[in-house]
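A.B. asks: Structure file protein.pdb (PDB, C-alpha atoms) is given on the next line.
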```pdb
ATOM      1  CA  MET A   1      -5.161  63.575 -16.254
ATOM      2  CA  THR A   2      -2.686  65.847 -17.924
ATOM      3  CA  ASP A   3      -2.546  69.585 -18.357
ATOM      4  CA  LEU A   4      -3.962  69.151 -21.861
ATOM      5  CA  ASP A   5      -7.371  69.585 -20.283
ATOM      6  CA  ASP A   6      -6.513  73.061 -19.051
ATOM      7  CA  ALA A   7      -6.064  74.740 -22.432
ATOM      8  CA  PRO A   8      -8.773  75.519 -24.968
ATOM      9  CA  ALA A   9      -8.749  73.052 -27.826
ATOM     10  CA  LEU A  10      -8.147  73.922 -31.455
ATOM     11  CA  VAL A  11     -10.196  70.828 -32.259
ATOM     12  CA  SER A  12     -12.240  68.721 -29.887
ATOM     13  CA  LEU A  13     -14.416  65.961 -31.264
ATOM     14  CA  THR A  14     -16.297  63.293 -29.374
ATOM     15  CA  LEU A  15     -18.280  60.573 -31.097
ATOM     16  CA  SER A  16     -20.501  57.913 -29.658
ATOM     17  CA  PHE A  17     -21.466  55.519 -32.418
ATOM     18  CA  ARG A  18     -22.001  51.988 -33.651
ATOM     19  CA  PRO A  19     -18.669  51.322 -35.361
ATOM     20  CA  GLN A  20     -18.723  50.041 -38.924
ATOM     21  CA  ALA A  21     -15.874  49.589 -41.415
ATOM     22  CA  THR A  22     -17.478  51.897 -43.965
ATOM     23  CA  GLN A  23     -17.324  54.782 -41.486
ATOM     24  CA  ILE A  24     -13.541  54.829 -41.130
ATOM     25  CA  GLY A  25     -12.776  56.516 -44.455
ATOM     26  CA  PRO A  26     -15.269  59.371 -43.968
ATOM     27  CA  LEU A  27     -14.164  59.818 -40.351
ATOM     28  CA  ARG A  28     -10.539  59.988 -41.440
ATOM     29  CA  THR A  29     -11.454  62.637 -44.010
ATOM     30  CA  LEU A  30     -13.353  64.602 -41.347
ATOM     31  CA  LEU A  31     -10.393  64.466 -38.961
ATOM     32  CA  SER A  32      -8.064  65.593 -41.722
ATOM     33  CA  ASP A  33     -10.329  68.515 -42.601
ATOM     34  CA  LEU A  34     -10.631  69.556 -38.953
ATOM     35  CA  CYS A  35      -6.927  69.352 -38.115
ATOM     36  CA  LYS A  36      -5.240  70.367 -41.366
ATOM     37  CA  PRO A  37      -5.713  74.137 -40.880
ATOM     38  CA  HIS A  38      -3.740  73.932 -37.614
ATOM     39  CA  VAL A  39      -0.974  71.481 -38.487
ATOM     40  CA  ALA A  40       1.963  73.076 -40.231
ATOM     41  CA  ASP A  41       3.586  70.042 -41.823
ATOM     42  CA  ALA A  42       2.281  67.099 -43.778
ATOM     43  CA  ASP A  43       4.219  64.616 -41.672
ATOM     44  CA  GLY A  44       2.521  65.745 -38.470
ATOM     45  CA  LEU A  45      -0.925  65.396 -39.997
ATOM     46  CA  SER A  46       0.013  62.045 -41.516
ATOM     47  CA  ARG A  47       1.130  60.686 -38.126
ATOM     48  CA  LEU A  48      -2.052  61.889 -36.459
ATOM     49  CA  LEU A  49      -4.271  60.299 -39.110
ATOM     50  CA  LEU A  50      -2.369  57.020 -39.029
ATOM     51  CA  ALA A  51      -2.939  56.709 -35.296
ATOM     52  CA  ALA A  52      -6.601  57.656 -35.652
ATOM     53  CA  HIS A  53      -7.090  55.132 -38.437
ATOM     54  CA  GLU A  54      -5.551  52.248 -36.498
ATOM     55  CA  LEU A  55      -7.566  53.080 -33.374
ATOM     56  CA  LEU A  56     -10.804  53.306 -35.354
ATOM     57  CA  GLU A  57     -10.127  49.989 -37.089
ATOM     58  CA  ASN A  58      -9.369  48.462 -33.737
ATOM     59  CA  ILE A  59     -12.815  49.298 -32.390
ATOM     60  CA  VAL A  60     -14.513  48.241 -35.619
ATOM     61  CA  LYS A  61     -12.792  44.856 -35.499
ATOM     62  CA  TYR A  62     -12.954  44.084 -31.829
ATOM     63  CA  SER A  63     -15.734  45.955 -30.077
ATOM     64  CA  VAL A  64     -18.750  44.061 -28.846
ATOM     65  CA  GLY A  65     -22.002  45.718 -27.963
ATOM     66  CA  GLU A  66     -23.594  48.481 -29.912
ATOM     67  CA  VAL A  67     -21.816  51.620 -28.835
ATOM     68  CA  ALA A  68     -18.184  52.716 -28.956
ATOM     69  CA  GLU A  69     -16.613  56.098 -28.365
ATOM     70  CA  PHE A  70     -13.924  58.055 -30.189
ATOM     71  CA  HIS A  71     -12.401  61.276 -28.983
ATOM     72  CA  LEU A  72      -9.880  63.658 -30.552
ATOM     73  CA  ARG A  73      -8.418  66.712 -28.895
ATOM     74  CA  LEU A  74      -5.857  68.960 -30.580
ATOM     75  CA  GLU A  75      -4.435  71.939 -28.781
ATOM     76  CA  ALA A  76      -1.541  74.357 -28.871
ATOM     77  CA  LYS A  77       1.122  74.112 -26.190
ATOM     78  CA  ALA A  78       4.436  75.851 -25.785
ATOM     79  CA  SER A  79       6.145  72.728 -27.137
ATOM     80  CA  GLY A  80       3.919  72.606 -30.210
ATOM     81  CA  LEU A  81       0.650  70.976 -31.083
ATOM     82  CA  GLN A  82      -0.458  68.247 -28.725
ATOM     83  CA  VAL A  83      -2.900  65.607 -29.820
ATOM     84  CA  ARG A  84      -4.833  63.097 -27.791
ATOM     85  CA  LEU A  85      -6.875  60.306 -29.316
ATOM     86  CA  ARG A  86      -9.008  58.057 -27.190
ATOM     87  CA  THR A  87     -11.276  55.112 -27.943
ATOM     88  CA  LYS A  88     -13.604  53.304 -25.596
ATOM     89  CA  ASN A  89     -15.272  50.045 -26.460
ATOM     90  CA  ARG A  90     -16.524  46.897 -24.834
ATOM     91  CA  ALA A  91     -14.350  43.875 -25.575
ATOM     92  CA  ALA A  92     -14.862  40.136 -25.314
ATOM     93  CA  PRO A  93     -12.761  38.482 -22.570
ATOM     94  CA  GLU A  94     -10.332  36.814 -25.016
ATOM     95  CA  ARG A  95      -9.856  40.055 -26.917
ATOM     96  CA  MET A  96      -9.376  41.984 -23.688
ATOM     97  CA  ALA A  97      -6.708  39.520 -22.578
ATOM     98  CA  ASP A  98      -4.925  39.742 -25.940
ATOM     99  CA  ALA A  99      -5.048  43.548 -25.942
ATOM    100  CA  ARG A 100      -3.693  43.739 -22.397
ATOM    101  CA  TRP A 101      -0.871  41.356 -23.291
ATOM    102  CA  ARG A 102       0.080  43.391 -26.362
ATOM    103  CA  LEU A 103      -0.214  46.754 -24.615
ATOM    104  CA  ASP A 104       1.738  45.628 -21.558
ATOM    105  CA  ALA A 105       4.520  44.372 -23.839
ATOM    106  CA  LEU A 106       4.452  47.692 -25.642
ATOM    107  CA  ALA A 107       4.643  49.618 -22.374
ATOM    108  CA  ALA A 108       7.581  47.497 -21.234
ATOM    109  CA  ALA A 109       9.519  48.080 -24.461
ATOM    110  CA  THR A 110      12.239  50.688 -24.179
ATOM    111  CA  ASP A 111      12.348  51.307 -27.935
ATOM    112  CA  PRO A 112       8.945  51.282 -29.707
ATOM    113  CA  VAL A 113      10.527  50.951 -33.152
ATOM    114  CA  ALA A 114      12.663  47.969 -32.126
ATOM    115  CA  HIS A 115       9.594  46.400 -30.501
ATOM    116  CA  TYR A 116       7.575  46.940 -33.675
ATOM    117  CA  ASP A 117      10.338  45.396 -35.788
ATOM    118  CA  GLU A 118      10.371  42.373 -33.501
ATOM    119  CA  LEU A 119       6.595  41.966 -33.815
ATOM    120  CA  ILE A 120       6.914  42.206 -37.601
ATOM    121  CA  ARG A 121       9.533  39.458 -37.653
ATOM    122  CA  GLU A 122       7.413  37.269 -35.365
ATOM    123  CA  SER A 123       4.277  37.802 -37.442
ATOM    124  CA  ALA A 124       5.955  37.162 -40.795
ATOM    125  CA  GLY A 125       5.223  33.446 -40.833
ATOM    126  CA  ARG A 126       1.635  33.809 -39.646
ATOM    127  CA  ARG A 127      -1.225  34.446 -42.032
ATOM    128  CA  ASP A 128      -3.995  34.817 -39.471
ATOM    129  CA  ILE A 129      -4.279  38.144 -37.670
ATOM    130  CA  SER A 130      -2.183  41.254 -38.184
ATOM    131  CA  GLY A 131      -1.417  42.033 -34.565
ATOM    132  CA  LEU A 132       0.582  45.062 -35.680
ATOM    133  CA  GLY A 133      -1.956  47.879 -35.571
ATOM    134  CA  LEU A 134      -1.497  49.059 -31.992
ATOM    135  CA  ALA A 135       2.307  48.749 -32.027
ATOM    136  CA  ARG A 136       2.347  50.756 -35.226
ATOM    137  CA  ILE A 137       1.016  53.809 -33.379
ATOM    138  CA  PRO A 138       4.044  54.554 -31.162
ATOM    139  CA  ALA A 139       6.481  53.298 -33.806
ATOM    140  CA  GLU A 140       5.191  55.375 -36.706
ATOM    141  CA  SER A 141       3.036  58.075 -35.147
ATOM    142  CA  GLU A 142       5.550  58.690 -32.358
ATOM    143  CA  MET A 143       2.717  58.845 -29.825
ATOM    144  CA  ASP A 144       2.518  57.277 -26.398
ATOM    145  CA  LEU A 145      -0.127  54.571 -26.225
ATOM    146  CA  TYR A 146      -1.643  53.316 -22.991
ATOM    147  CA  TYR A 147      -4.816  51.770 -21.720
ATOM    148  CA  VAL A 148      -7.132  51.343 -18.805
ATOM    149  CA  THR A 149     -10.000  48.916 -18.352
ATOM    150  CA  GLU A 150     -13.336  49.404 -16.647
ATOM    151  CA  GLN A 151     -15.046  46.024 -16.314
ATOM    152  CA  ASP A 152     -15.368  44.887 -19.966
ATOM    153  CA  TRP A 153     -14.585  48.314 -21.399
ATOM    154  CA  LEU A 154     -11.191  48.893 -22.998
ATOM    155  CA  ILE A 155     -10.065  52.517 -23.107
ATOM    156  CA  LEU A 156      -7.070  53.280 -25.331
ATOM    157  CA  THR A 157      -5.310  56.628 -25.345
ATOM    158  CA  ALA A 158      -2.674  57.797 -27.814
ATOM    159  CA  GLU A 159      -1.091  61.157 -27.250
ATOM    160  CA  GLY A 160       1.913  63.078 -28.372
ATOM    161  CA  ASN A 161       3.294  66.017 -30.227
ATOM    162  CA  ALA A 162       1.589  66.454 -33.596
ATOM    163  CA  SER A 163       3.902  69.049 -35.108
ATOM    164  CA  GLU A 164       4.531  72.747 -35.202
ATOM    165  CA  ARG A 165       1.391  74.845 -35.276
ATOM    166  CA  VAL A 166       0.441  76.853 -38.345
ATOM    167  CA  SER A 167       1.506  80.403 -37.507
ATOM    168  CA  GLY A 168      -1.074  83.145 -37.279
TER     169      GLY A 168
ATOM    170  CA  MET B   1       5.563  44.647 -76.281
ATOM    171  CA  SER B   2       7.397  42.379 -73.925
ATOM    172  CA  ALA B   3       8.128  38.836 -75.011
ATOM    173  CA  LEU B   4       7.092  37.742 -71.545
ATOM    174  CA  GLN B   5       3.459  37.159 -70.788
ATOM    175  CA  SER B   6       1.949  37.536 -67.368
ATOM    176  CA  THR B   7      -1.322  35.993 -66.273
ATOM    177  CA  LEU B   8      -1.818  38.702 -63.648
ATOM    178  CA  THR B   9      -4.705  41.075 -64.169
ATOM    179  CA  SER B  10      -5.969  44.125 -62.283
ATOM    180  CA  ALA B  11      -7.703  43.529 -58.964
ATOM    181  CA  GLY B  12      -9.752  45.519 -56.513
ATOM    182  CA  GLY B  13     -12.677  47.793 -57.080
ATOM    183  CA  GLU B  14     -14.047  51.107 -55.980
ATOM    184  CA  GLY B  15     -11.681  52.726 -53.532
ATOM    185  CA  PHE B  16      -8.693  50.474 -54.113
ATOM    186  CA  GLN B  17      -7.033  48.892 -57.128
ATOM    187  CA  VAL B  18      -3.791  47.201 -58.116
ATOM    188  CA  THR B  19      -2.736  47.039 -61.760
ATOM    189  CA  PRO B  20       0.216  45.015 -63.118
ATOM    190  CA  LYS B  21       2.586  46.163 -65.844
ATOM    191  CA  LEU B  22       5.255  43.772 -67.090
ATOM    192  CA  VAL B  23       8.307  45.229 -68.772
ATOM    193  CA  ASP B  24      11.096  42.773 -69.541
ATOM    194  CA  PHE B  25      11.807  40.978 -66.273
ATOM    195  CA  ASN B  26      10.454  43.776 -64.082
ATOM    196  CA  LEU B  27       6.886  43.580 -62.878
ATOM    197  CA  ARG B  28       5.449  46.916 -61.793
ATOM    198  CA  LEU B  29       2.364  46.885 -59.572
ATOM    199  CA  VAL B  30       0.511  50.190 -59.498
ATOM    200  CA  PHE B  31      -1.526  50.611 -56.310
ATOM    201  CA  THR B  32      -4.214  53.278 -56.193
ATOM    202  CA  GLY B  33      -6.729  54.353 -53.569
ATOM    203  CA  ASN B  34      -7.017  53.513 -49.893
ATOM    204  CA  GLY B  35      -5.565  50.286 -48.501
ATOM    205  CA  ASP B  36      -8.141  49.822 -45.761
ATOM    206  CA  MET B  37     -10.084  46.874 -44.318
ATOM    207  CA  HIS B  38     -11.870  46.281 -47.613
ATOM    208  CA  ALA B  39      -8.571  46.120 -49.504
ATOM    209  CA  THR B  40      -6.876  43.678 -47.149
ATOM    210  CA  PRO B  41      -8.152  40.395 -48.694
ATOM    211  CA  VAL B  42      -7.381  41.747 -52.167
ATOM    212  CA  VAL B  43      -3.785  42.585 -51.261
ATOM    213  CA  ASN B  44      -3.322  39.327 -49.413
ATOM    214  CA  GLU B  45      -4.436  37.140 -52.315
ATOM    215  CA  TYR B  46      -2.788  39.294 -54.962
ATOM    216  CA  LEU B  47       0.667  39.121 -53.427
ATOM    217  CA  LYS B  48       0.428  35.325 -53.322
ATOM    218  CA  LEU B  49      -0.292  35.350 -57.059
ATOM    219  CA  VAL B  50       2.553  37.789 -57.648
ATOM    220  CA  HIS B  51       5.006  35.440 -55.974
ATOM    221  CA  GLU B  52       3.782  32.465 -58.011
ATOM    222  CA  GLU B  53       4.057  34.542 -61.162
ATOM    223  CA  ALA B  54       7.502  35.799 -60.248
ATOM    224  CA  LEU B  55       8.777  32.258 -59.882
ATOM    225  CA  ARG B  56       7.030  31.072 -63.051
ATOM    226  CA  ILE B  57       8.389  33.860 -65.240
ATOM    227  CA  GLY B  58      11.686  34.234 -63.465
ATOM    228  CA  LEU B  59      11.334  37.891 -62.571
ATOM    229  CA  SER B  60      14.343  39.812 -61.376
ATOM    230  CA  GLN B  61      12.345  42.563 -59.679
ATOM    231  CA  VAL B  62       8.845  43.506 -58.584
ATOM    232  CA  SER B  63       8.216  47.231 -58.154
ATOM    233  CA  CYS B  64       5.308  48.447 -56.043
ATOM    234  CA  ASP B  65       4.246  51.896 -57.210
ATOM    235  CA  PHE B  66       2.593  53.653 -54.259
ATOM    236  CA  LYS B  67       2.412  57.090 -55.858
ATOM    237  CA  GLN B  68      -1.378  57.048 -55.746
ATOM    238  CA  LEU B  69      -1.846  54.922 -52.632
ATOM    239  CA  THR B  70      -3.261  57.320 -50.068
ATOM    240  CA  PHE B  71      -3.029  54.997 -47.066
ATOM    241  CA  MET B  72      -2.311  51.413 -46.050
ATOM    242  CA  ASN B  73      -3.632  49.919 -42.823
ATOM    243  CA  SER B  74      -1.743  47.469 -40.652
ATOM    244  CA  SER B  75      -3.551  44.447 -42.120
ATOM    245  CA  CYS B  76      -2.513  45.346 -45.669
ATOM    246  CA  PHE B  77       0.953  46.077 -44.334
ATOM    247  CA  LYS B  78       0.999  42.607 -42.790
ATOM    248  CA  SER B  79       0.321  41.103 -46.239
ATOM    249  CA  PHE B  80       3.526  42.743 -47.473
ATOM    250  CA  VAL B  81       5.373  41.381 -44.434
ATOM    251  CA  VAL B  82       4.264  37.835 -45.312
ATOM    252  CA  TRP B  83       5.148  38.319 -48.972
ATOM    253  CA  ILE B  84       8.631  39.654 -48.245
ATOM    254  CA  ASP B  85       9.247  36.857 -45.766
ATOM    255  CA  THR B  86       8.135  34.337 -48.398
ATOM    256  CA  VAL B  87      10.600  35.758 -50.928
ATOM    257  CA  LYS B  88      13.312  35.920 -48.295
ATOM    258  CA  ASN B  89      12.905  32.204 -47.592
ATOM    259  CA  SER B  90      12.491  31.185 -51.219
ATOM    260  CA  GLU B  91      15.243  29.367 -53.109
ATOM    261  CA  ILE B  92      14.618  31.700 -56.034
ATOM    262  CA  ARG B  93      14.577  35.324 -54.958
ATOM    263  CA  TYR B  94      13.829  38.595 -56.659
ATOM    264  CA  GLN B  95      14.227  42.205 -55.638
ATOM    265  CA  ILE B  96      11.302  44.231 -54.298
ATOM    266  CA  ALA B  97      11.266  47.984 -54.858
ATOM    267  CA  PHE B  98       8.776  50.386 -53.310
ATOM    268  CA  LEU B  99       8.223  53.599 -55.253
ATOM    269  CA  THR B 100       6.963  56.265 -52.870
ATOM    270  CA  ASN B 101       5.195  59.594 -53.086
ATOM    271  CA  PRO B 102       7.085  62.292 -51.130
ATOM    272  CA  ASN B 103       3.796  64.070 -50.445
ATOM    273  CA  LEU B 104       2.501  61.071 -48.480
ATOM    274  CA  PRO B 105       4.862  60.919 -45.479
ATOM    275  CA  TRP B 106       3.358  57.735 -43.975
ATOM    276  CA  GLN B 107       4.803  55.766 -46.875
ATOM    277  CA  ARG B 108       8.448  56.212 -46.002
ATOM    278  CA  ARG B 109       7.808  55.579 -42.299
ATOM    279  CA  SER B 110       5.873  52.379 -42.975
ATOM    280  CA  LEU B 111       8.105  51.074 -45.716
ATOM    281  CA  GLU B 112      11.293  51.582 -43.740
ATOM    282  CA  ALA B 113      10.016  48.840 -41.446
ATOM    283  CA  LEU B 114       9.701  46.516 -44.454
ATOM    284  CA  ARG B 115      13.200  47.411 -45.603
ATOM    285  CA  ARG B 116      14.549  46.579 -42.149
ATOM    286  CA  LEU B 117      12.835  43.183 -42.424
ATOM    287  CA  ALA B 118      14.867  42.308 -45.532
ATOM    288  CA  ALA B 119      17.463  44.939 -46.310
ATOM    289  CA  ASN B 120      19.079  42.793 -49.005
ATOM    290  CA  LEU B 121      15.795  42.419 -50.918
ATOM    291  CA  VAL B 122      13.865  45.640 -50.362
ATOM    292  CA  THR B 123      14.657  49.094 -51.678
ATOM    293  CA  ILE B 124      12.703  52.328 -51.340
ATOM    294  CA  GLU B 125      12.752  54.999 -53.997
ATOM    295  CA  THR B 126      11.008  58.336 -54.218
ATOM    296  CA  ILE B 127       9.239  59.148 -57.466
ATOM    297  CA  ALA B 128       8.164  62.567 -58.610
TER     298      ALA B 128
END
```
Step by step, read the file and then write its structure as structure tokens.
C.D. replies:
Amino acid sequence: MTDLDDAPALVSLTLSFRPQATQIGPLRTLLSDLCKPHVADADGLSRLLLAAHELLENIVKYSVGEVAEFHLRLEAKASGLQVRLRTKNRAAPERMADARWRLDALAAATDPVAHYDELIRESAGRRDISGLGLARIPAESEMDLYYVTEQDWLILTAEGNASERVSG
Amino acid sequence: MSALQSTLTSAGGEGFQVTPKLVDFNLRLVFTGNGDMHATPVVNEYLKLVHEEALRIGLSQVSCDFKQLTFMNSSCFKSFVVWIDTVKNSEIRYQIAFLTNPNLPWQRRSLEALRRLAANLVTIETIA
């Protein structure tokens, strides 16, 4: 756990739901409405929403079972706004193995942008799956992305500095 | 009116649409809406048709106008990766320009990755 839990949140949202593709747009709008008053620059909000969108699509595409969880926490720190996004969903064994492989490779990469570029080049000749969504989060949202597993549950966490806080 | 004729028509539906405009040898694709999971198959198939059309007509450039594209997910992004790679490996190539909205910061971040994939083919411009 980090010290993010010690400070009161500007926004804290926890959802437990049956993920469906049609829910992503409205959820993204809700997150934007909740966070926009606190985030001073458009780029910071854009990065936060990109990460949230990719995580939500990930659970819509790959969760098995009826329930998944999504959590957002935004809070002010001395260094600026800190955001943490977390998803929790059950995953089929083959999906769990693929996610672990991708996330371990991501964790081992010293440069997330170079790693993302390499994945893009590798995926260029393949028309099947994207395989870029998770790597996009550290590369474009500039957030750390890591995971833990609990039996067949995959728990993804993205966290980082959102931007400067709106003054006042 | 252009002397060239394109067989491309608008595609998409509620929430996402792409509309072609052919002027001389420059095809402009105007994307509007949200490039989410529902848009992915549309983008994927449309870019295949664009490439076929580009070769048939002999286009010199395809411009993708993203001014009104609020977001693009990684699956739609992947469709652009495949398209650019196809052009890159084609015997007949054309330029690809992305026209971006400065008020949508994700666009420049995402599209820079496409430019790095094929710096000699892809350009990024900001439009007002």
A.B. asks: Using only C-alpha atoms, determine which residues lie at most 8 Å from B:Leu69, disregarding the query and same-chain residues fewer than 2 positions distant; provide the list as a list in words.
C.D. replies: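 Here the qualifying residues turn out to be Phe31, Thr32, Gly33, Asn34, Gly35, Phe66, Lys67, Phe71 and Met72 of chain B.
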A.B. asks: Give me, as a list of chain:residue names, all polymer residues having an atom no more than 10 Å from B:Leu117, counting only C-alpha atoms and skipping those fewer than 5 positions away in the same chain.
C.D. replies: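 Selected residues are A:Asp117, A:Glu118, A:Ile120, A:Arg121, A:Ala124, B:Val81, B:Ile84, B:Asp85, B:Lys88, B:Leu111, B:Glu112, B:Val122.
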A.B. asks: Report as a PyMOL selection string all protein, DNA and RNA residues lying within 7 Å of B:Val43, evaluated on all atoms listed in the file, omitting residues in the same chain fewer than 4 positions from it.
C.D. replies: chain B and resi 39+47+76+79
A.B. asks: Under the rule that only C-alpha atoms are counted, which of A:Lys88, A:Gly131, A:Gly80, A:Pro93 is the nearest residue to A:Ala40?
C.D. replies: A:Gly80
A.B. asks: What residues in chain B lie within 12 Å of chain A, counting only C-alpha atoms, written as a PyMOL selection string?
C.D. replies: chain B and resi 15+33-41+44-45+48+70-89+102-118
A.B. asks: Kindly give the distance, in Å, that separates atom CA of A:Asp98 and atom CA of A:Arg86, rounded to a single decimal.
C.D. replies: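 Distance reported for this atom pair: 18.8 Å.
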A.B. asks: For stretch 81-103 of chain A, supply N, CA and C atoms and format the output as a compact mmCIF listing (two decimals), keeping the file's coordinate frame.
C.D. replies:
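After the write, part_31.txt holds the following:
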```
# COMPACT_ATOMS: atom_id res chain seq x y z
N LEU A 81 2.01 71.51 -31.13
CA LEU A 81 0.65 70.98 -31.08
C LEU A 81 0.63 69.64 -30.36
N GLN A 82 -0.30 69.51 -29.43
CA GLN A 82 -0.46 68.25 -28.72
C GLN A 82 -1.77 67.61 -29.16
N VAL A 83 -1.70 66.32 -29.41
CA VAL A 83 -2.90 65.61 -29.82
C VAL A 83 -3.16 64.46 -28.85
N ARG A 84 -4.43 64.26 -28.58
CA ARG A 84 -4.83 63.10 -27.79
C ARG A 84 -5.99 62.42 -28.52
N LEU A 85 -5.82 61.13 -28.72
CA LEU A 85 -6.88 60.31 -29.32
C LEU A 85 -7.29 59.28 -28.29
N ARG A 86 -8.57 59.05 -28.16
CA ARG A 86 -9.01 58.06 -27.19
C ARG A 86 -10.18 57.26 -27.75
N THR A 87 -10.14 55.96 -27.57
CA THR A 87 -11.28 55.11 -27.94
C THR A 87 -11.74 54.36 -26.71
N LYS A 88 -13.02 54.07 -26.70
CA LYS A 88 -13.60 53.30 -25.60
C LYS A 88 -14.60 52.32 -26.19
N ASN A 89 -14.35 51.05 -25.94
CA ASN A 89 -15.27 50.04 -26.46
C ASN A 89 -15.32 48.84 -25.53
N ARG A 90 -16.44 48.14 -25.58
CA ARG A 90 -16.52 46.90 -24.83
C ARG A 90 -15.78 45.83 -25.62
N ALA A 91 -15.13 44.92 -24.91
CA ALA A 91 -14.35 43.88 -25.58
C ALA A 91 -14.68 42.53 -24.95
N ALA A 92 -14.67 41.50 -25.80
CA ALA A 92 -14.86 40.14 -25.31
C ALA A 92 -13.66 39.75 -24.44
N PRO A 93 -13.85 38.82 -23.50
CA PRO A 93 -12.76 38.48 -22.57
C PRO A 93 -11.46 38.07 -23.27
N GLU A 94 -11.56 37.27 -24.35
CA GLU A 94 -10.33 36.81 -25.02
C GLU A 94 -9.64 37.99 -25.72
N ARG A 95 -10.44 38.89 -26.27
CA ARG A 95 -9.86 40.06 -26.92
C ARG A 95 -9.23 40.99 -25.87
N MET A 96 -9.91 41.14 -24.76
CA MET A 96 -9.38 41.98 -23.69
C MET A 96 -8.03 41.44 -23.21
N ALA A 97 -7.96 40.13 -23.04
CA ALA A 97 -6.71 39.52 -22.58
C ALA A 97 -5.60 39.73 -23.60
N ASP A 98 -5.93 39.56 -24.89
CA ASP A 98 -4.92 39.74 -25.94
C ASP A 98 -4.45 41.19 -26.00
N ALA A 99 -5.40 42.12 -25.89
CA ALA A 99 -5.05 43.55 -25.94
C ALA A 99 -4.16 43.93 -24.76
N ARG A 100 -4.50 43.43 -23.59
CA ARG A 100 -3.69 43.74 -22.40
C ARG A 100 -2.28 43.21 -22.56
N TRP A 101 -2.19 41.98 -23.10
CA TRP A 101 -0.87 41.36 -23.29
C TRP A 101 -0.03 42.19 -24.27
N ARG A 102 -0.65 42.60 -25.36
CA ARG A 102 0.08 43.39 -26.36
C ARG A 102 0.46 44.77 -25.82
N LEU A 103 -0.46 45.40 -25.11
CA LEU A 103 -0.21 46.75 -24.62
C LEU A 103 0.77 46.76 -23.46
```
